[in-house]
Each structure stands twice: as structure tokens, then as C-alpha cells.
Amino acid sequence: MYIGLGIVLLVVGLILALDVITADIKYVNEDALGTILIVAGLVAIVLSLIYAPPWRRGTFVGRGEDPRIDPRI
């Protein structure tokens, strides 16, 4: 879920750091802000891959009856 947020932060940080779009914000260094957003984006991507790997999702695929369900109910 947070991988999308990480990608957005990374892209916005790269735009600011590489001066693709010049934004004149008073009292804010755009290069430093871009670097901070790049680092935050990378951290968000890495944490999302560590805490939610795709091979650990809890899906149950089986044939026949589910042994966890009591058929007498």
C-alpha cells in the first residue's frame, strides 16, 4: 500500500532536486526539500517491501471442503 506513496514521494523529490520544474518557495531550499523527499520515498518503498512481501499474503486455495469449517452448522 505504501509503495505507491513512496513512488510519488520519489518522483516529486526528483522533480525538485533536478530542477525539472522551478518552484520559488520563500525560505525553502528546493534542492534540500527534493533530497528529503527522495530519502522519504526510498524509505517508504523499502519498508513496504519488508513488512508486506507478496509471497506472505494470506490466501487459501483448496479443492473440496474446507477442513476449518464445521459442516454441521
# chains A, B, ... in the order shown; residues from 1 in each chain; ligands from 1
>>> residues_around(residues="Val39 in chain A", least_positions_apart="4", cutoff="12 Å", atoms="only C-alpha atoms", output="list of chain:residue names")
A:Gly6, A:Ile7, A:Val8, A:Leu9, A:Leu10, A:Val11, A:Val12, A:Gly13, A:Leu14, A:Ala17, A:Ala32, A:Leu33, A:Gly34, A:Thr35, A:Val43, A:Ala44, A:Ile45, A:Val46
>>> write_last_selection(atoms="N, CA and C atoms", output="short mmCIF file (atom, residue, chain, number, x, y, z; two decimals), in the first residue's frame")
data_model
loop_
_atom_site.label_atom_id
_atom_site.label_comp_id
_atom_site.auth_asym_id
_atom_site.auth_seq_id
_atom_site.Cartn_x
_atom_site.Cartn_y
_atom_site.Cartn_z
N GLY A 6 5.49 5.90 -1.70
CA GLY A 6 6.93 6.01 -1.87
C GLY A 6 7.32 6.44 -3.27
N ILE A 7 6.62 5.90 -4.26
CA ILE A 7 6.90 6.27 -5.65
C ILE A 7 6.55 7.73 -5.89
N VAL A 8 5.42 8.18 -5.35
CA VAL A 8 5.02 9.58 -5.52
C VAL A 8 6.03 10.51 -4.86
N LEU A 9 6.46 10.18 -3.64
CA LEU A 9 7.46 11.00 -2.95
C LEU A 9 8.78 11.01 -3.72
N LEU A 10 9.15 9.88 -4.26
CA LEU A 10 10.39 9.79 -5.03
C LEU A 10 10.33 10.64 -6.28
N VAL A 11 9.22 10.59 -6.99
CA VAL A 11 9.07 11.38 -8.22
C VAL A 11 9.05 12.87 -7.92
N VAL A 12 8.31 13.27 -6.91
CA VAL A 12 8.26 14.70 -6.55
C VAL A 12 9.63 15.18 -6.07
N GLY A 13 10.33 14.35 -5.32
CA GLY A 13 11.67 14.71 -4.88
C GLY A 13 12.64 14.84 -6.03
N LEU A 14 12.56 13.95 -7.00
CA LEU A 14 13.43 14.05 -8.17
C LEU A 14 13.11 15.28 -9.00
N ALA A 17 14.65 18.14 -6.98
CA ALA A 17 16.11 18.09 -6.87
C ALA A 17 16.80 18.34 -8.21
N ALA A 32 17.28 20.85 -1.13
CA ALA A 32 17.23 20.11 0.14
C ALA A 32 15.89 19.42 0.32
N LEU A 33 14.82 20.11 -0.05
CA LEU A 33 13.49 19.50 0.05
C LEU A 33 13.38 18.30 -0.89
N GLY A 34 13.94 18.43 -2.08
CA GLY A 34 13.94 17.30 -3.02
C GLY A 34 14.70 16.12 -2.48
N THR A 35 15.84 16.37 -1.86
CA THR A 35 16.64 15.28 -1.28
C THR A 35 15.90 14.61 -0.14
N VAL A 43 12.67 5.18 1.70
CA VAL A 43 12.36 4.52 2.98
C VAL A 43 10.96 3.91 2.94
N ALA A 44 9.99 4.62 2.37
CA ALA A 44 8.63 4.10 2.29
C ALA A 44 8.56 2.86 1.40
N ILE A 45 9.30 2.86 0.29
CA ILE A 45 9.31 1.69 -0.59
C ILE A 45 9.96 0.51 0.09
N VAL A 46 11.09 0.72 0.74
CA VAL A 46 11.79 -0.38 1.40
C VAL A 46 10.96 -0.94 2.54
#
>>> atom_distance(atom1="CA of Ser48 in chain A", atom2="CA of Gly4 in chain A")
9.4 Å
>>> atom_distance(atom1="CA of Asp24 in chain A", atom2="CA of Ile38 in chain A")
19.1 Å
>>> atom_distance(atom1="CA of Leu37 in chain A", atom2="CA of Ile15 in chain A")
10.0 Å
